[in-house]
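data09.pdb (PDB, C-alpha atoms and all ligand atoms)
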```
ATOM      1  CA  MET A  17      76.070  91.883 141.426
ATOM      2  CA  VAL A  18      73.101  94.257 141.237
ATOM      3  CA  LYS A  19      70.402  93.437 138.639
ATOM      4  CA  ASP A  20      71.062  96.420 136.337
ATOM      5  CA  ASP A  21      74.791  95.713 136.383
ATOM      6  CA  ILE A  22      74.157  92.106 135.390
ATOM      7  CA  GLN A  23      72.048  93.113 132.374
ATOM      8  CA  GLU A  24      74.710  95.541 131.203
ATOM      9  CA  VAL A  25      77.590  93.090 131.670
ATOM     10  CA  VAL A  26      75.691  90.374 129.785
ATOM     11  CA  LYS A  27      74.633  92.721 126.954
ATOM     12  CA  LYS A  28      78.172  93.980 126.530
ATOM     13  CA  ALA A  29      79.661  90.478 126.424
ATOM     14  CA  TYR A  30      77.113  89.116 123.949
ATOM     15  CA  GLY A  31      77.217  92.300 121.854
ATOM     16  CA  LYS A  32      80.925  91.667 121.344
ATOM     17  CA  ILE A  33      80.315  88.037 120.477
ATOM     18  CA  ALA A  34      77.682  89.044 117.890
ATOM     19  CA  GLN A  35      80.198  91.380 116.307
ATOM     20  CA  LYS A  36      82.884  88.728 116.559
ATOM     21  CA  GLU A  37      85.030  91.043 118.639
ATOM     22  CA  SER A  38      85.701  88.606 121.452
ATOM     23  CA  GLY A  39      84.249  85.987 123.726
ATOM     24  CA  CYS A  40      82.787  82.527 123.467
ATOM     25  CA  GLY A  41      79.548  82.664 125.416
ATOM     26  CA  CYS A  42      78.592  79.678 127.471
ATOM     27  CA  GLY A  43      78.471  75.957 127.085
ATOM     28  CA  THR A  44      81.476  76.215 124.850
ATOM     29  CA  THR A  45      85.156  76.439 125.108
ATOM     30  CA  CYS A  46      85.433  78.562 121.959
ATOM     31  CA  HIS A  47      84.511  75.902 119.453
ATOM     32  CA  THR A  48      85.977  76.826 116.118
ATOM     33  CA  ASP A  49      83.790  74.377 114.242
ATOM     34  CA  ALA A  50      80.273  75.463 115.215
ATOM     35  CA  LYS A  51      78.619  72.797 113.065
ATOM     36  CA  ALA A  52      80.584  69.941 114.612
ATOM     37  CA  PHE A  53      79.830  71.336 118.073
ATOM     38  CA  ALA A  54      76.095  71.461 117.266
ATOM     39  CA  LYS A  55      76.225  67.858 116.048
ATOM     40  CA  SER A  56      77.816  66.845 119.332
ATOM     41  CA  LEU A  57      74.720  68.301 121.038
ATOM     42  CA  GLY A  58      72.418  66.132 118.925
ATOM     43  CA  TYR A  59      71.475  68.499 116.076
ATOM     44  CA  SER A  60      71.090  66.504 112.858
ATOM     45  CA  GLU A  61      72.688  67.205 109.499
ATOM     46  CA  ASP A  62      69.170  67.927 108.256
ATOM     47  CA  ASP A  63      68.617  70.509 111.063
ATOM     48  CA  LEU A  64      71.878  72.226 110.227
ATOM     49  CA  SER A  65      71.804  72.080 106.451
ATOM     50  CA  ASP A  66      69.224  74.750 105.849
ATOM     51  CA  ILE A  67      69.935  77.487 108.390
ATOM     52  CA  PRO A  68      71.629  80.821 107.681
ATOM     53  CA  ARG A  69      75.393  80.531 107.782
ATOM     54  CA  GLU A  70      75.954  82.972 110.624
ATOM     55  CA  SER A  71      73.119  81.875 112.905
ATOM     56  CA  ASN A  72      75.065  79.152 114.705
ATOM     57  CA  LEU A  73      77.557  80.931 116.953
ATOM     58  CA  ALA A  74      78.267  77.808 119.040
ATOM     59  CA  LEU A  75      76.663  79.424 122.085
ATOM     60  CA  SER A  76      74.391  76.514 122.976
ATOM     61  CA  CYS A  77      74.652  74.174 125.941
ATOM     62  CA  GLY A  78      72.108  71.657 124.707
ATOM     63  CA  ASN A  79      69.455  71.062 122.069
ATOM     64  CA  PRO A  80      65.961  72.217 123.078
ATOM     65  CA  ILE A  81      64.567  71.331 119.631
ATOM     66  CA  MET A  82      65.264  67.653 120.398
ATOM     67  CA  ILE A  83      62.893  67.717 123.389
ATOM     68  CA  ALA A  84      60.310  70.243 122.147
ATOM     69  CA  ASP A  85      58.384  67.899 119.813
ATOM     70  CA  LEU A  86      57.410  70.848 117.588
ATOM     71  CA  LYS A  87      54.385  70.425 115.325
ATOM     72  CA  GLU A  88      53.176  72.161 112.156
ATOM     73  CA  GLY A  89      51.241  75.334 112.873
ATOM     74  CA  GLU A  90      52.590  75.954 116.376
ATOM     75  CA  THR A  91      53.732  79.358 117.655
ATOM     76  CA  VAL A  92      57.168  79.090 119.248
ATOM     77  CA  LEU A  93      59.024  81.611 121.404
ATOM     78  CA  ASP A  94      62.819  81.342 121.793
ATOM     79  CA  LEU A  95      64.111  83.105 124.920
ATOM     80  CA  GLY A  96      67.523  84.688 124.329
ATOM     81  CA  SER A  97      67.558  83.754 120.662
ATOM     82  CA  GLY A  98      71.070  85.030 119.908
ATOM     83  CA  ALA A  99      71.708  85.050 116.147
ATOM     84  CA  GLY A 100      68.599  82.908 115.610
ATOM     85  CA  PHE A 101      70.107  79.410 115.598
ATOM     86  CA  ASP A 102      67.241  77.439 117.190
ATOM     87  CA  CYS A 103      64.608  79.784 115.682
ATOM     88  CA  PHE A 104      65.543  78.835 112.125
ATOM     89  CA  ILE A 105      65.507  75.120 112.912
ATOM     90  CA  ALA A 106      62.164  75.494 114.719
ATOM     91  CA  ALA A 107      60.751  77.448 111.749
ATOM     92  CA  ARG A 108      61.144  74.457 109.448
ATOM     93  CA  LYS A 109      59.402  72.207 111.954
ATOM     94  CA  VAL A 110      56.338  74.435 112.473
ATOM     95  CA  GLY A 111      56.098  75.237 108.742
ATOM     96  CA  VAL A 112      54.502  78.233 107.056
ATOM     97  CA  SER A 113      51.320  77.839 109.089
ATOM     98  CA  GLY A 114      53.400  78.252 112.252
ATOM     99  CA  LYS A 115      55.429  81.119 113.640
ATOM    100  CA  VAL A 116      58.688  81.538 115.554
ATOM    101  CA  ILE A 117      59.523  84.592 117.662
ATOM    102  CA  GLY A 118      63.030  85.176 119.011
ATOM    103  CA  VAL A 119      63.487  87.598 121.921
ATOM    104  CA  ASP A 120      66.930  88.854 122.913
ATOM    105  CA  MET A 121      68.007  91.905 124.898
ATOM    106  CA  THR A 122      71.314  92.443 123.040
ATOM    107  CA  PRO A 123      70.772  94.815 120.083
ATOM    108  CA  GLU A 124      73.741  93.416 118.127
ATOM    109  CA  MET A 125      72.277  89.895 118.369
ATOM    110  CA  ILE A 126      68.853  91.048 117.158
ATOM    111  CA  ILE A 127      70.437  92.864 114.187
ATOM    112  CA  LYS A 128      72.447  89.769 113.299
ATOM    113  CA  ALA A 129      69.416  87.500 113.640
ATOM    114  CA  ALA A 130      67.234  89.803 111.514
ATOM    115  CA  ASN A 131      69.924  89.909 108.794
ATOM    116  CA  ASN A 132      70.109  86.128 108.906
ATOM    117  CA  ALA A 133      66.322  85.913 108.460
ATOM    118  CA  LYS A 134      66.494  88.266 105.466
ATOM    119  CA  GLU A 135      69.321  86.248 103.908
ATOM    120  CA  GLN A 136      67.136  83.161 103.614
ATOM    121  CA  LYS A 137      63.739  84.874 103.279
ATOM    122  CA  HIS A 138      62.440  83.215 106.436
ATOM    123  CA  GLU A 139      59.022  84.808 106.682
ATOM    124  CA  ASN A 140      57.694  82.881 109.661
ATOM    125  CA  VAL A 141      60.549  83.992 111.963
ATOM    126  CA  HIS A 142      60.564  87.347 113.767
ATOM    127  CA  PHE A 143      63.053  88.817 116.190
ATOM    128  CA  ILE A 144      62.159  91.271 118.930
ATOM    129  CA  LEU A 145      64.525  93.250 121.147
ATOM    130  CA  GLY A 146      63.453  92.671 124.727
ATOM    131  CA  GLU A 147      64.195  91.169 128.111
ATOM    132  CA  ILE A 148      62.939  87.783 129.138
ATOM    133  CA  GLU A 149      62.014  89.372 132.479
ATOM    134  CA  ASN A 150      59.504  91.609 130.599
ATOM    135  CA  LEU A 151      58.450  89.635 127.542
ATOM    136  CA  PRO A 152      57.079  91.872 124.773
ATOM    137  CA  LEU A 153      54.258  89.406 124.046
ATOM    138  CA  GLU A 154      50.587  89.069 124.884
ATOM    139  CA  ASP A 155      49.191  86.730 127.527
ATOM    140  CA  LYS A 156      48.449  83.173 126.364
ATOM    141  CA  SER A 157      49.841  83.727 122.865
ATOM    142  CA  VAL A 158      52.481  80.978 122.517
ATOM    143  CA  ASP A 159      52.281  77.166 122.214
ATOM    144  CA  VAL A 160      55.898  76.333 123.018
ATOM    145  CA  VAL A 161      58.740  78.218 124.714
ATOM    146  CA  ILE A 162      62.230  77.020 123.908
ATOM    147  CA  SER A 163      65.510  78.381 125.269
ATOM    148  CA  ASN A 164      69.153  77.438 124.987
ATOM    149  CA  CYS A 165      71.546  78.491 127.743
ATOM    150  CA  VAL A 166      69.859  81.759 128.704
ATOM    151  CA  ILE A 167      67.785  81.505 131.901
ATOM    152  CA  ASN A 168      70.991  81.072 133.930
ATOM    153  CA  LEU A 169      71.946  84.559 132.668
ATOM    154  CA  SER A 170      68.711  86.189 133.848
ATOM    155  CA  SER A 171      69.067  88.674 136.677
ATOM    156  CA  ASP A 172      65.578  87.716 137.906
ATOM    157  CA  LYS A 173      64.787  84.073 137.188
ATOM    158  CA  LYS A 174      61.565  84.127 139.212
ATOM    159  CA  ARG A 175      60.206  86.962 137.087
ATOM    160  CA  SER A 176      61.430  85.357 133.819
ATOM    161  CA  LEU A 177      59.641  82.085 134.544
ATOM    162  CA  GLU A 178      56.465  83.926 135.578
ATOM    163  CA  GLU A 179      56.642  85.771 132.255
ATOM    164  CA  VAL A 180      57.049  82.488 130.380
ATOM    165  CA  PHE A 181      53.980  81.115 132.166
ATOM    166  CA  ARG A 182      52.007  84.292 131.337
ATOM    167  CA  VAL A 183      52.671  84.150 127.566
ATOM    168  CA  LEU A 184      52.045  80.390 127.257
ATOM    169  CA  LYS A 185      48.612  79.261 126.139
ATOM    170  CA  PRO A 186      46.894  76.846 128.549
ATOM    171  CA  GLY A 187      48.124  73.446 127.392
ATOM    172  CA  GLY A 188      51.397  75.018 126.260
ATOM    173  CA  ARG A 189      54.827  73.693 127.165
ATOM    174  CA  ILE A 190      58.472  74.611 127.645
ATOM    175  CA  ALA A 191      61.609  72.851 126.368
ATOM    176  CA  VAL A 192      64.765  74.376 127.764
ATOM    177  CA  SER A 193      68.442  73.530 127.909
ATOM    178  CA  ASP A 194      70.424  75.354 130.546
ATOM    179  CA  ILE A 195      73.186  75.224 133.144
ATOM    180  CA  ALA A 196      72.469  74.540 136.809
ATOM    181  CA  LEU A 197      74.486  73.941 139.959
ATOM    182  CA  LEU A 198      75.044  70.724 141.851
ATOM    183  CA  LYS A 199      76.494  72.655 144.777
ATOM    184  CA  GLU A 200      76.839  76.302 145.764
ATOM    185  CA  LEU A 201      79.715  78.311 144.300
ATOM    186  CA  PRO A 202      82.101  80.350 146.402
ATOM    187  CA  ASP A 203      81.562  84.133 146.521
ATOM    188  CA  SER A 204      84.722  84.769 144.467
ATOM    189  CA  ILE A 205      83.091  83.009 141.507
ATOM    190  CA  LYS A 206      79.599  84.429 142.090
ATOM    191  CA  LYS A 207      80.909  87.978 141.863
ATOM    192  CA  ASN A 208      83.062  87.407 138.800
ATOM    193  CA  HIS A 209      81.733  88.997 135.589
ATOM    194  CA  LYS A 210      83.347  86.502 133.238
ATOM    195  CA  ALA A 211      82.030  83.616 135.291
ATOM    196  CA  TYR A 212      78.582  85.213 134.989
ATOM    197  CA  THR A 213      78.647  85.707 131.210
ATOM    198  CA  SER A 214      80.121  82.203 130.859
ATOM    199  CA  CYS A 215      76.908  80.819 132.406
ATOM    200  CA  ILE A 216      78.389  79.737 135.711
ATOM    201  CA  ALA A 217      77.917  82.482 138.302
ATOM    202  CA  GLY A 218      74.218  83.084 137.555
ATOM    203  CA  ALA A 219      73.244  79.415 137.639
ATOM    204  CA  VAL A 220      71.067  78.109 140.476
ATOM    205  CA  LEU A 221      70.877  74.727 142.183
ATOM    206  CA  VAL A 222      68.855  72.102 140.297
ATOM    207  CA  ASN A 223      66.332  71.922 143.171
ATOM    208  CA  ASP A 224      65.940  75.704 143.236
ATOM    209  CA  TYR A 225      65.306  75.651 139.466
ATOM    210  CA  LYS A 226      62.510  73.136 140.033
ATOM    211  CA  GLN A 227      61.021  75.247 142.829
ATOM    212  CA  LEU A 228      61.061  78.382 140.679
ATOM    213  CA  LEU A 229      59.112  76.502 137.982
ATOM    214  CA  GLU A 230      56.605  75.161 140.515
ATOM    215  CA  ARG A 231      56.064  78.606 142.020
ATOM    216  CA  ALA A 232      55.539  80.124 138.558
ATOM    217  CA  GLY A 233      52.651  77.637 138.146
ATOM    218  CA  PHE A 234      54.130  74.923 135.904
ATOM    219  CA  ASN A 235      53.026  71.268 135.995
ATOM    220  CA  ASP A 236      54.678  68.041 134.882
ATOM    221  CA  ILE A 237      58.146  69.428 135.572
ATOM    222  CA  CYS A 238      60.996  67.208 134.461
ATOM    223  CA  ILE A 239      64.653  68.173 134.855
ATOM    224  CA  ARG A 240      67.160  65.812 133.328
ATOM    225  CA  GLU A 241      70.833  66.275 134.114
ATOM    226  CA  LYS A 242      73.364  65.785 131.335
ATOM    227  CA  GLU A 243      77.088  65.351 131.613
ATOM    228  CA  VAL A 244      78.887  67.680 133.974
ATOM    229  CA  SER A 245      79.524  70.876 132.131
ATOM    230  CA  ILE A 246      82.290  73.348 132.476
ATOM    231  CA  CYS A 247      81.614  76.350 130.331
ATOM    232  CA  MET A 248      83.883  79.287 130.239
ATOM    233  CA  GLU A 249      86.106  81.280 128.049
ATOM    234  CA  PRO A 250      89.678  80.113 127.548
ATOM    235  CA  ASP A 251      91.048  83.282 129.070
ATOM    236  CA  SER A 252      88.945  82.693 132.178
ATOM    237  CA  GLN A 253      89.980  79.113 132.712
ATOM    238  CA  ASN A 254      89.451  79.651 136.377
ATOM    239  CA  PRO A 255      87.121  82.635 136.626
ATOM    240  CA  GLY A 256      87.303  84.694 139.751
ATOM    241  CA  SER A 257      89.958  82.612 141.290
ATOM    242  CA  ASN A 258      93.661  82.582 141.728
ATOM    243  CA  PRO A 259      95.835  79.957 143.336
ATOM    244  CA  ALA A 260      95.308  81.661 146.670
ATOM    245  CA  ASP A 261      91.587  80.945 146.514
ATOM    246  CA  GLY A 262      92.334  77.280 146.575
ATOM    247  CA  TYR A 263      89.563  76.865 143.994
ATOM    248  CA  ASP A 264      90.451  75.003 140.860
ATOM    249  CA  ASN A 265      88.839  73.915 137.635
ATOM    250  CA  SER A 266      88.075  70.424 138.797
ATOM    251  CA  SER A 267      86.023  71.657 141.757
ATOM    252  CA  LEU A 268      84.190  74.107 139.466
ATOM    253  CA  SER A 269      83.430  71.371 136.978
ATOM    254  CA  SER A 270      81.901  69.205 139.678
ATOM    255  CA  SER A 271      79.626  72.117 140.695
ATOM    256  CA  THR A 272      77.895  72.683 137.360
ATOM    257  CA  VAL A 273      75.671  70.515 135.208
ATOM    258  CA  SER A 274      73.872  70.897 131.893
ATOM    259  CA  ILE A 275      70.143  70.310 132.244
ATOM    260  CA  TYR A 276      67.134  69.663 130.032
ATOM    261  CA  VAL A 277      63.880  71.048 131.391
ATOM    262  CA  THR A 278      60.349  70.276 130.231
ATOM    263  CA  ALA A 279      57.132  71.462 131.880
ATOM    264  CA  GLY A 280      53.624  72.494 130.957
ATOM    265  CA  ARG A 281      50.909  75.046 131.670
ATOM    266  CA  LYS A 282      47.838  72.998 132.496
ATOM    267  CA  ASP A 283      45.066  75.498 133.446
TER     268      ASP A 283
HETATM  269  C1  LIG A 301      74.568  81.860 125.584
HETATM  270  S1  LIG A 301      73.777  82.882 124.431
HETATM  271  C2  LIG A 301      72.660  81.734 123.673
HETATM  272  C3  LIG A 301      72.131  82.215 122.354
HETATM  273  C4  LIG A 301      71.218  81.222 121.619
HETATM  274  N1  LIG A 301      70.177  80.739 122.494
HETATM  275  C5  LIG A 301      72.023  80.080 121.049
HETATM  276  O1  LIG A 301      71.927  78.954 121.581
HETATM  277  O2  LIG A 301      72.736  80.301 120.067
HETATM  278  C6  LIG A 301      72.731  83.846 125.485
HETATM  279  C7  LIG A 301      71.833  84.854 124.770
HETATM  280  O3  LIG A 301      70.843  85.291 125.677
HETATM  281  C8  LIG A 301      70.700  86.681 125.637
HETATM  282  N2  LIG A 301      70.222  87.097 126.973
HETATM  283  C9  LIG A 301      70.859  86.935 128.147
HETATM  284  N3  LIG A 301      70.126  87.396 129.162
HETATM  285  C10 LIG A 301      68.966  87.856 128.616
HETATM  286  C11 LIG A 301      67.783  88.459 129.150
HETATM  287  N4  LIG A 301      67.679  88.674 130.456
HETATM  288  N5  LIG A 301      66.800  88.815 128.296
HETATM  289  C12 LIG A 301      66.929  88.602 126.960
HETATM  290  N6  LIG A 301      68.026  88.058 126.391
HETATM  291  C13 LIG A 301      69.024  87.666 127.206
HETATM  292  C14 LIG A 301      72.088  87.195 125.256
HETATM  293  O4  LIG A 301      72.007  88.457 124.660
HETATM  294  C15 LIG A 301      72.572  86.109 124.298
HETATM  295  O5  LIG A 301      72.220  86.393 122.974
END
```
As structure tokens, the full file:
Amino acid sequence: MVKDDIQEVVKKAYGKIAQKESGCGCGTTCHTDAKAFAKSLGYSEDDLSDIPRESNLALSCGNPIMIADLKEGETVLDLGSGAGFDCFIAARKVGVSGKVIGVDMTPEMIIKAANNAKEQKHENVHFILGEIENLPLEDKSVDVVISNCVINLSSDKKRSLEEVFRVLKPGGRIAVSDIALLKELPDSIKKNHKAYTSCIAGAVLVNDYKQLLERAGFNDICIREKEVSICMEPDSQNPGSNPADGYDNSSLSSSTVSIYVTAGRKD
């Protein structure tokens, strides 16, 4: 798929999810109980008790807060913040002397997130419409970048990670949960829109992920693989494939993995 097409397909899919029209995003198989799903990813009752009701859309594929070690006063950027789920949890951790900025390219998500912030008078959380490939932030302005199941959706991962490096202060760090590949996918899956928006088709090999981080300038890179993840919508149980492809769910599930990524900007 061409870059511009990818952005449009992703925006459309996540716009519908924000408006509850259809879709389940990635890392989920349409979890009806978003709170229980979040708990299964390691979010605590305390994390979940004080966030706006509609911020958790069960779109996560991990828990970046758990590995971010957020401290009072820090400035945090959430890439692809959705309805603000991780932003609101991060806001409590950095306190009123800190700040959380959520960036998302889907207008419907930003509207939802901003309404959520208003609902609970969260004054240290701000949402900005923008692409992670062109972050609307100044150089060296952020202590920590978090992200939950978004970089796999980027049409230009090299550029996104360079942008993350640019906005991080020297000494800053990233804490990301994402989907990566253990082996290459067949073309039929790579070209499938639903497989893309379900966080499969845009994912890259774990080693390539590491290389992209190294080339963007990061140090102390650690990528931890979680359980094998199969993330797709129920109506795309086998995205891009039909029996004739000879490609089934079990082979897809052994190709993808959830990852936790930490790294730092040392200069
Ligand atoms: C799977 S959802 C995750 C949302 C949120 N992180 C969460 O865990 O609830 C992916 C989000 O990333 C956004 N997104 C995808 N690609 C993006 C890009 N290139 N730039 C900015 N936002 C993007 C989508 O609009 C969507 O809200």
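Restricting the calculation to only C-alpha atoms, the smallest distance between A:Lys206 and any of A:His142, A:Met17, A:Ser163, A:Gly96 is found for A:Met17.
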Counting all atoms listed in the file, what are the residues of chain A within 6 Å of ligand LIG 301 (chain A), and for each of them which pair of atoms is the nearest and at what distance in Å, to one decimal? Sort the table by chain and rising number, as a Markdown table.
```
| residue | atom | partner | partner_atom | distance |
| --- | --- | --- | --- | --- |
| A:Lys27 | CA | A:LIG301 | O4 | 5.5 |
| A:Tyr30 | CA | A:LIG301 | O4 | 5.2 |
| A:Gly41 | CA | A:LIG301 | C1 | 5.0 |
| A:Cys42 | CA | A:LIG301 | C1 | 5.0 |
| A:Asn72 | CA | A:LIG301 | O2 | 6.0 |
| A:Leu73 | CA | A:LIG301 | O2 | 5.8 |
| A:Leu75 | CA | A:LIG301 | O2 | 4.5 |
| A:Ser76 | CA | A:LIG301 | O1 | 3.7 |
| A:Gly96 | CA | A:LIG301 | O3 | 3.6 |
| A:Ser97 | CA | A:LIG301 | N1 | 4.4 |
| A:Gly98 | CA | A:LIG301 | O5 | 3.5 |
| A:Phe101 | CA | A:LIG301 | O2 | 5.3 |
| A:Asp120 | CA | A:LIG301 | N6 | 3.7 |
| A:Met121 | CA | A:LIG301 | C12 | 4.0 |
| A:Thr122 | CA | A:LIG301 | O4 | 4.4 |
| A:Met125 | CA | A:LIG301 | O5 | 5.8 |
| A:Gly146 | CA | A:LIG301 | C12 | 5.8 |
| A:Glu147 | CA | A:LIG301 | N5 | 3.5 |
| A:Ile148 | CA | A:LIG301 | N5 | 4.1 |
| A:Ser163 | CA | A:LIG301 | N1 | 5.9 |
| A:Asn164 | CA | A:LIG301 | N1 | 4.3 |
| A:Cys165 | CA | A:LIG301 | C1 | 5.0 |
| A:Val166 | CA | A:LIG301 | O3 | 4.8 |
| A:Leu169 | CA | A:LIG301 | N3 | 4.9 |
| A:Ser170 | CA | A:LIG301 | N4 | 4.3 |
```
Hey, what comes out of the PyMOL selection byres (((chain A and resi 221) around 8) and not hetatm) on this file? Could you write it as an NGL selection string? :A and (196-200 or 219-220 or 222-225)
Interatomic distance, atom CA of A:Thr213 to atom CA of A:Ile195 (Å, one decimal): 12.0 Å
To one decimal in Å, tell me the separation between atom CA of A:Arg281 and atom CA of A:Ile83.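 Between these atoms lies a distance of 16.3 Å.
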Atom-to-atom span, atom CA of A:Val25 and atom CA of A:Asn79, Å: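 A separation of 25.4 Å between them.
Among the candidates A:Pro80, A:Pro152, A:Gly188, A:Pro68, the one nearest to A:Lys134 when counting all atoms listed in the file is A:Pro68.
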From the set A:Ser214, A:Asn208, A:Ser270, A:Ser60, which residue has the shortest atom-to-atom contact distance to A:Ala29, counting only C-alpha atoms? A:Ser214
Result set, the PyMOL selection byres (((chain A and resi 157) around 9) and not hetatm) on current file, as a list in words: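 Taken over the shown coordinates, the PyMOL selection byres (((chain A and resi 157) around 9) and not hetatm) returns Thr91, Leu153, Glu154, Asp155, Lys156, Val158, Asp159, Arg182, Val183, Leu184 and Lys185 of chain A.
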Keeping C-alpha atoms, export the residues of the selection given above as an mmCIF file, in the frame of the given file.
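Final file, result12.cif:
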```cif
data_model
loop_
_atom_site.group_PDB
_atom_site.id
_atom_site.type_symbol
_atom_site.label_atom_id
_atom_site.label_comp_id
_atom_site.auth_asym_id
_atom_site.auth_seq_id
_atom_site.Cartn_x
_atom_site.Cartn_y
_atom_site.Cartn_z
ATOM 1 C CA THR A 91 53.732 79.358 117.655
ATOM 2 C CA LEU A 153 54.258 89.406 124.046
ATOM 3 C CA GLU A 154 50.587 89.069 124.884
ATOM 4 C CA ASP A 155 49.191 86.730 127.527
ATOM 5 C CA LYS A 156 48.449 83.173 126.364
ATOM 6 C CA VAL A 158 52.481 80.978 122.517
ATOM 7 C CA ASP A 159 52.281 77.166 122.214
ATOM 8 C CA ARG A 182 52.007 84.292 131.337
ATOM 9 C CA VAL A 183 52.671 84.150 127.566
ATOM 10 C CA LEU A 184 52.045 80.390 127.257
ATOM 11 C CA LYS A 185 48.612 79.261 126.139
#
```
Selection under test: the PyMOL selection byres (((chain A and resi 108-110) around 12) and not hetatm); residues as a CSV table (one decimal) with C-alpha atoms, in the frame of the given file:
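Everything below was put into expr.csv:
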```csv
chain,number,residue,atom,x,y,z
A,62,ASP,CA,69.2,67.9,108.3
A,63,ASP,CA,68.6,70.5,111.1
A,64,LEU,CA,71.9,72.2,110.2
A,65,SER,CA,71.8,72.1,106.5
A,66,ASP,CA,69.2,74.8,105.8
A,67,ILE,CA,69.9,77.5,108.4
A,81,ILE,CA,64.6,71.3,119.6
A,82,MET,CA,65.3,67.7,120.4
A,84,ALA,CA,60.3,70.2,122.1
A,85,ASP,CA,58.4,67.9,119.8
A,86,LEU,CA,57.4,70.8,117.6
A,87,LYS,CA,54.4,70.4,115.3
A,88,GLU,CA,53.2,72.2,112.2
A,89,GLY,CA,51.2,75.3,112.9
A,90,GLU,CA,52.6,76.0,116.4
A,91,THR,CA,53.7,79.4,117.7
A,92,VAL,CA,57.2,79.1,119.2
A,93,LEU,CA,59.0,81.6,121.4
A,101,PHE,CA,70.1,79.4,115.6
A,102,ASP,CA,67.2,77.4,117.2
A,103,CYS,CA,64.6,79.8,115.7
A,104,PHE,CA,65.5,78.8,112.1
A,105,ILE,CA,65.5,75.1,112.9
A,106,ALA,CA,62.2,75.5,114.7
A,107,ALA,CA,60.8,77.4,111.7
A,111,GLY,CA,56.1,75.2,108.7
A,112,VAL,CA,54.5,78.2,107.1
A,113,SER,CA,51.3,77.8,109.1
A,114,GLY,CA,53.4,78.3,112.3
A,115,LYS,CA,55.4,81.1,113.6
A,116,VAL,CA,58.7,81.5,115.6
A,117,ILE,CA,59.5,84.6,117.7
A,138,HIS,CA,62.4,83.2,106.4
A,139,GLU,CA,59.0,84.8,106.7
A,140,ASN,CA,57.7,82.9,109.7
A,141,VAL,CA,60.5,84.0,112.0
A,159,ASP,CA,52.3,77.2,122.2
A,160,VAL,CA,55.9,76.3,123.0
```
Rank nothing, just name the residue among A:Val18, A:Leu229, A:Ile127, A:Ile144 nearest to A:Lys173, using all atoms listed in the file.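 So, comparing all the options, the nearest one is A:Leu229.
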Near A:Gln227, counting all atoms listed in the file, which residues have an atom at most 12 Å away, once you skip same-chain residues fewer than 6 positions from it, shown as a count of residues only? 11
With all atoms listed in the file as the basis for distance, which of A:Lys207, A:Ala99, A:Lys242, A:Val273 is at the shortest distance from A:Asp21? A:Lys207
I'd like the box whose edges run along x, y and z of the file and which contains every listed atom of stretch 154-166 of chain A, padded by 8 Å per side; could you state its centre and edge lengths in Å, one decimal, as JSON?
```
{"center_x": 60.0, "center_y": 82.7, "center_z": 125.5, "size_x": 39.1, "size_y": 28.7, "size_z": 22.5}
```
Option closest in space to A:Asp172, from A:Ser271, A:Ser204, A:Asn150, A:Ser56 [counting all atoms listed in the file]: A:Asn150
